[in-house]
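Below is the file input32.cif, which contains mmCIF, C-alpha atoms.
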data_work
#
loop_
_atom_site.label_atom_id
_atom_site.label_comp_id
_atom_site.auth_asym_id
_atom_site.auth_seq_id
_atom_site.Cartn_x
_atom_site.Cartn_y
_atom_site.Cartn_z
CA MET A 1 -59.82 47.01 33.38
CA PRO A 2 -56.81 44.82 32.53
CA SER A 3 -55.70 42.21 35.03
CA PRO A 4 -52.49 42.90 36.90
CA THR A 5 -49.30 41.43 35.53
CA PRO A 6 -48.40 38.26 37.45
CA GLN A 7 -45.37 38.72 39.65
CA VAL A 8 -42.54 36.29 40.24
CA PRO A 9 -41.13 36.59 43.78
CA ASP A 10 -37.57 37.89 44.15
CA THR A 11 -36.53 34.51 45.54
CA TRP A 12 -37.05 33.02 42.07
CA ARG A 13 -35.46 33.62 38.66
CA TYR A 14 -37.08 32.76 35.36
CA LEU A 15 -36.40 32.74 31.64
CA THR A 16 -38.18 31.97 28.42
CA SER A 17 -36.74 29.11 26.39
CA ASP A 18 -36.12 29.37 22.67
CA VAL A 19 -39.43 27.56 22.08
CA GLY A 20 -41.39 29.95 24.31
CA ARG A 21 -41.68 27.82 27.45
CA LEU A 22 -41.10 29.58 30.77
CA TRP A 23 -38.74 28.01 33.29
CA ALA A 24 -38.15 29.16 36.86
CA TRP A 25 -35.73 28.13 39.55
CA ARG A 26 -35.44 29.18 43.17
CA LYS A 27 -32.27 31.14 44.00
CA GLU A 28 -31.84 29.09 47.15
CA GLY A 29 -33.18 25.55 47.06
CA PHE A 30 -35.83 24.37 49.47
CA ASP A 31 -34.70 22.62 52.63
CA GLU A 32 -34.96 18.85 53.01
CA GLU A 33 -38.32 18.96 54.81
CA ALA A 34 -39.88 21.04 52.03
CA GLN A 35 -38.45 18.75 49.37
CA ASP A 36 -39.71 15.68 51.24
CA ALA A 37 -43.16 17.33 51.32
CA GLY A 38 -43.04 17.70 47.53
CA ALA A 39 -41.72 21.22 46.96
CA THR A 40 -39.52 21.52 43.90
CA ASP A 41 -37.22 24.42 43.15
CA THR A 42 -37.35 24.14 39.34
CA ILE A 43 -40.63 24.46 37.45
CA ASP A 44 -41.95 25.29 34.00
CA ALA A 45 -45.16 26.70 32.57
CA ASP A 46 -46.79 27.94 29.36
CA ASP A 47 -47.21 31.55 30.44
CA LEU A 48 -46.33 34.00 33.21
CA ALA A 49 -49.65 33.62 35.03
CA ALA A 50 -49.28 29.82 35.16
CA LEU A 51 -45.65 30.18 36.26
CA ALA A 52 -46.62 32.53 39.10
CA ARG A 53 -49.33 30.08 40.24
CA ALA A 54 -46.89 27.15 40.15
CA ILE A 55 -44.33 29.11 42.17
CA ASN A 56 -46.99 30.02 44.71
CA ARG A 57 -47.94 26.33 45.05
CA GLN A 58 -44.32 25.36 45.70
CA GLU A 59 -43.92 28.09 48.33
CA GLN A 60 -47.14 26.95 50.03
CA ILE A 61 -45.90 23.35 50.15
CA ALA A 62 -42.64 24.53 51.72
CA GLU A 63 -44.47 26.75 54.20
CA ARG A 64 -46.73 23.90 55.32
CA ALA A 65 -43.70 21.60 55.68
CA GLY A 66 -42.02 24.22 57.87
CA GLU A 67 -45.11 24.46 60.06
CA GLU A 68 -45.20 20.69 60.50
CA HIS A 69 -41.47 20.42 61.21
CA PRO A 70 -40.34 23.66 62.89
CA SER A 71 -36.58 24.10 63.27
#

Starting from the file, give its structure as structure tokens.
Amino acid sequence: MPSPTPQVPDTWRYLTSDVGRLWAWRKEGFDEEAQDAGATDTIDADDLAALARAINRQEQIAERAGEEHPS
């Protein structure tokens, strides 16, 4: 059974560069707390699965930052 196609959340956009590298950016940048915690809103990867994992990591960093510093 083939593995499911990795999904990029709707909050992110991505493209493939002319050399085949995938780049993604968040439609709305992370807030200051998330950025201070290490979340970045522009990432790159070799393939879609790696890109989806990297996006997930950034969202988790931002979520943890929000839990530590609620508005």

When the PyMOL selection byres ((chain A and resi 29) around 10) is applied to the structure above, which residues does it catch, written out as a PyMOL selection string? chain A and resi 11-12+25-28+30-32+34-35+39-42

Residues near Ile55 (chain A), anyone? I mean within 9 Å using only C-alpha atoms, not counting same-chain ones fewer than 4 positions away, as a short mmCIF file (atom, residue, chain, number, x, y, z; two decimals) with C-alpha atoms, in the frame of the given file.
data_model
loop_
_atom_site.label_atom_id
_atom_site.label_comp_id
_atom_site.auth_asym_id
_atom_site.auth_seq_id
_atom_site.Cartn_x
_atom_site.Cartn_y
_atom_site.Cartn_z
CA VAL A 8 -42.54 36.29 40.24
CA PRO A 9 -41.13 36.59 43.78
CA TRP A 12 -37.05 33.02 42.07
CA ALA A 24 -38.15 29.16 36.86
CA ARG A 26 -35.44 29.18 43.17
CA ASP A 41 -37.22 24.42 43.15
CA ILE A 43 -40.63 24.46 37.45
CA ALA A 50 -49.28 29.82 35.16
CA LEU A 51 -45.65 30.18 36.26
CA GLU A 59 -43.92 28.09 48.33
CA GLN A 60 -47.14 26.95 50.03
#

When you look at Glu67 (chain A) with a cut-off of 12 Å (counting only C-alpha atoms), what residues show up, excluding the ones that are within fewer than 4 positions of it in the same chain? I need them as an mmCIF file with C-alpha atoms, in the coordinates of the input.
data_model
loop_
_atom_site.group_PDB
_atom_site.id
_atom_site.type_symbol
_atom_site.label_atom_id
_atom_site.label_comp_id
_atom_site.auth_asym_id
_atom_site.auth_seq_id
_atom_site.Cartn_x
_atom_site.Cartn_y
_atom_site.Cartn_z
ATOM 1 C CA GLU A 33 -38.320 18.960 54.810
ATOM 2 C CA ALA A 34 -39.880 21.040 52.030
ATOM 3 C CA ALA A 37 -43.160 17.330 51.320
ATOM 4 C CA GLN A 60 -47.140 26.950 50.030
ATOM 5 C CA ILE A 61 -45.900 23.350 50.150
ATOM 6 C CA ALA A 62 -42.640 24.530 51.720
ATOM 7 C CA GLU A 63 -44.470 26.750 54.200
ATOM 8 C CA SER A 71 -36.580 24.100 63.270
#

Tell me, as a PyMOL selection string, which residues lie within 12 Å of Ser17 (chain A), counting all atoms listed in the file; anything in the same chain fewer than 2 positions away does not count. chain A and resi 14-15+19-24+44-47

Which residue gives the smallest distance to Asp36 (chain A) among A:Asp18, A:Pro6, A:Arg13, A:Gly66, with all atoms listed in the file counted?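 Of A:Asp18, A:Pro6, A:Arg13, A:Gly66, the one nearest Asp36 (chain A) is A:Gly66, counting all atoms listed in the file.
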
Please return region 14-34 of chain A, rebuilt to N, CA and C atoms, as a short mmCIF file (atom, residue, chain, number, x, y, z; two decimals), in the frame of the given file.
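Just written: rebuild.cif:
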data_model
loop_
_atom_site.label_atom_id
_atom_site.label_comp_id
_atom_site.auth_asym_id
_atom_site.auth_seq_id
_atom_site.Cartn_x
_atom_site.Cartn_y
_atom_site.Cartn_z
N TYR A 14 -36.44 33.50 36.44
CA TYR A 14 -37.08 32.76 35.36
C TYR A 14 -36.57 33.24 34.01
N LEU A 15 -36.78 32.40 33.01
CA LEU A 15 -36.40 32.74 31.64
C LEU A 15 -37.38 32.09 30.69
N THR A 16 -37.35 32.55 29.47
CA THR A 16 -38.18 31.97 28.42
C THR A 16 -37.25 31.20 27.48
N SER A 17 -37.58 29.94 27.26
CA SER A 17 -36.74 29.11 26.39
C SER A 17 -36.90 29.55 24.93
N ASP A 18 -36.06 29.01 24.08
CA ASP A 18 -36.12 29.37 22.67
C ASP A 18 -37.39 28.89 21.98
N VAL A 19 -38.15 28.00 22.64
CA VAL A 19 -39.43 27.56 22.08
C VAL A 19 -40.62 28.21 22.80
N GLY A 20 -40.33 29.19 23.67
CA GLY A 20 -41.39 29.95 24.31
C GLY A 20 -41.88 29.43 25.65
N ARG A 21 -41.29 28.38 26.15
CA ARG A 21 -41.68 27.82 27.45
C ARG A 21 -40.98 28.60 28.55
N LEU A 22 -41.69 28.88 29.63
CA LEU A 22 -41.10 29.58 30.77
C LEU A 22 -40.57 28.57 31.78
N TRP A 23 -39.38 28.84 32.27
CA TRP A 23 -38.74 28.01 33.29
C TRP A 23 -38.35 28.90 34.45
N ALA A 24 -38.53 28.40 35.67
CA ALA A 24 -38.15 29.16 36.86
C ALA A 24 -37.39 28.26 37.81
N TRP A 25 -36.48 28.86 38.54
CA TRP A 25 -35.73 28.13 39.55
C TRP A 25 -35.57 29.04 40.76
N ARG A 26 -35.56 28.44 41.91
CA ARG A 26 -35.44 29.18 43.17
C ARG A 26 -33.97 29.48 43.41
N LYS A 27 -33.67 30.73 43.77
CA LYS A 27 -32.27 31.14 44.00
C LYS A 27 -31.61 30.26 45.04
N GLU A 28 -32.33 29.98 46.10
CA GLU A 28 -31.84 29.09 47.15
C GLU A 28 -32.81 27.93 47.24
N GLY A 29 -32.31 26.72 47.06
CA GLY A 29 -33.18 25.55 47.06
C GLY A 29 -33.95 25.39 48.36
N PHE A 30 -35.04 24.67 48.28
CA PHE A 30 -35.83 24.37 49.47
C PHE A 30 -35.04 23.44 50.39
N ASP A 31 -35.36 23.51 51.68
CA ASP A 31 -34.70 22.62 52.63
C ASP A 31 -35.24 21.19 52.45
N GLU A 32 -34.62 20.27 53.16
CA GLU A 32 -34.96 18.85 53.01
C GLU A 32 -36.42 18.56 53.36
N GLU A 33 -36.93 19.20 54.41
CA GLU A 33 -38.32 18.96 54.81
C GLU A 33 -39.28 19.39 53.71
N ALA A 34 -39.02 20.55 53.11
CA ALA A 34 -39.88 21.04 52.03
C ALA A 34 -39.81 20.11 50.83
#
